[in-house]
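Novice: Right, I'll just put the structure down here and ask away after.
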Amino acid sequence: MHIAVPAETSPGELRVAITPDSVARIVKAGHVIRVQRGAGERAGFPDSAYESAGASLADTAAVHDGAQLVCRVQPPSADEIVAIPRGAV
């Protein structure tokens, strides 16, 4: 499964949907995770931690490419919804 983890955009939201520890377990189970660059910064997780755990990094425009599952803390905005691939959960 291809999983996308975009950065949260809600004002005041400091969390990220998936931590690097979770990424390592999910990748070990055979899934592919793409994390938006900077998505974990406000939660204290640098991009390098996600890469070390097995995730790939992507810019805002590419984070959703091929995603079957999008992991977020807050609901996406109307602008963000259009970027989610049809059929993704």
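Lettering and numbering for the structure tokens are positional, with chains as A, B, ... in the shown order, residues counted from 1 in each chain, and ligands counted from 1 in the shown order.
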Can you tell me, as a PyMOL selection string, which residues in chain A count as helix (DSSP H, G or I) by DSSP?
Specialist: chain A and resi 20-28+41-43+47-53+78-81
Novice: List as JSON, numbers by chain the protein and nucleic acid residues near Ile3 in chain A, meaning an atom at most 9 Å away when only C-alpha atoms are counted, but skip any in the same chain fewer than 3 places from it.
Specialist: {"A": [31, 32, 33, 34, 35, 64, 66, 67, 68, 69, 70, 71]}
Novice: List as a list in words the protein and nucleic acid residues near Gly38 in chain A, meaning an atom at most 8 Å away when only C-alpha atoms are counted, but skip any in the same chain fewer than 5 places from it.
Specialist: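 Within the cut-off, the hits are Ala7, Pro46 and Asp47 of chain A.
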Novice: Can you write just those residues out, C-alpha atoms, as a CSV table (one decimal), in the first residue's frame?
Specialist:
```csv
chain,number,residue,atom,x,y,z
A,7,ALA,CA,1.9,18.4,6.6
A,46,PRO,CA,13.0,16.2,11.3
A,47,ASP,CA,12.9,14.9,7.8
```
Novice: Between CA of Pro6 in chain A and CA of Asp59 in chain A, what is the spacing in Å?
Specialist: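 Result for CA of Asp59 in chain A versus CA of Pro6 in chain A: 9.1 Å, one decimal.
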Novice: Near Gly54 in chain A, within 8 Å and counting only C-alpha atoms, which residues show up once chain neighbours fewer than 2 positions away are dropped, as a CSV table (one decimal) with N, CA and C atoms, in the first residue's frame?
Specialist:
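Saved file selection.csv follows:
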```csv
chain,number,residue,atom,x,y,z
A,23,VAL,N,6.6,4.8,11.1
A,23,VAL,CA,7.0,4.6,9.8
A,23,VAL,C,7.9,3.3,9.6
A,24,ALA,N,8.8,3.1,10.6
A,24,ALA,CA,9.7,1.9,10.5
A,24,ALA,C,8.9,0.7,10.6
A,27,VAL,N,6.8,0.3,7.2
A,27,VAL,CA,7.6,0.0,6.1
A,27,VAL,C,8.1,-1.5,6.2
A,33,ILE,N,5.8,4.6,2.3
A,33,ILE,CA,5.3,5.8,2.9
A,33,ILE,C,6.0,7.0,2.3
A,50,TYR,N,12.5,10.6,9.3
A,50,TYR,CA,11.6,9.9,8.5
A,50,TYR,C,12.4,9.1,7.4
A,51,GLU,N,13.4,9.7,6.8
A,51,GLU,CA,14.2,9.0,5.8
A,51,GLU,C,14.9,7.8,6.4
A,52,SER,N,15.4,8.0,7.6
A,52,SER,CA,16.1,6.9,8.3
A,52,SER,C,15.2,5.7,8.6
A,56,SER,N,10.0,8.0,2.1
A,56,SER,CA,10.6,8.9,1.1
A,56,SER,C,10.0,10.3,1.4
```
Novice: Which of chain A end up as strand (DSSP E) when DSSP is run on this backbone - answer as a list in words?
Specialist: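 Output for chain A, strand (DSSP E) only: His2, Ile3, Ala4, Val5, Val32, Ile33, Arg34, Val35, Gln36, Ser56, Leu57, Ala58, Leu69 and Val70 of chain A.
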Novice: Using CA of Ala17 in chain A and CA of Val5 in chain A as the two end points, give the distance in Å to one decimal.
Specialist: 6.8 Å
Novice: Tell me, as a ChimeraX atom specification, which residues lie within 12 Å of Gly12 in chain A, counting only C-alpha atoms; anything in the same chain fewer than 6 positions away does not count.
Specialist: /A:42-43,74
Novice: Emit the selected residues as a PDB file, in the first residue's frame, including N, CA and C atoms.
Specialist:
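To be explicit, this is the file written out as again28.pdb:
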```
ATOM      1  N   ARG A  42       7.153  20.609  13.287  1.00  0.00           N
ATOM      2  CA  ARG A  42       6.500  21.223  14.456  1.00  0.00           C
ATOM      3  C   ARG A  42       6.267  20.220  15.579  1.00  0.00           C
ATOM      4  N   ALA A  43       6.295  18.935  15.259  1.00  0.00           N
ATOM      5  CA  ALA A  43       6.115  17.894  16.272  1.00  0.00           C
ATOM      6  C   ALA A  43       7.467  17.393  16.793  1.00  0.00           C
ATOM      7  N   GLN A  74      -5.919  16.372  11.184  1.00  0.00           N
ATOM      8  CA  GLN A  74      -7.115  17.190  10.969  1.00  0.00           C
ATOM      9  C   GLN A  74      -7.694  16.914   9.581  1.00  0.00           C
TER      10      GLN A  74
END
```
Novice: Restricting the calculation to only C-alpha atoms: of A:Arg25, A:His2, A:Arg15, A:Arg86, which residue gets closest to Val73 in chain A?
Specialist: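 Checking each candidate against Val73 in chain A, we get A:Arg15 as the closest.
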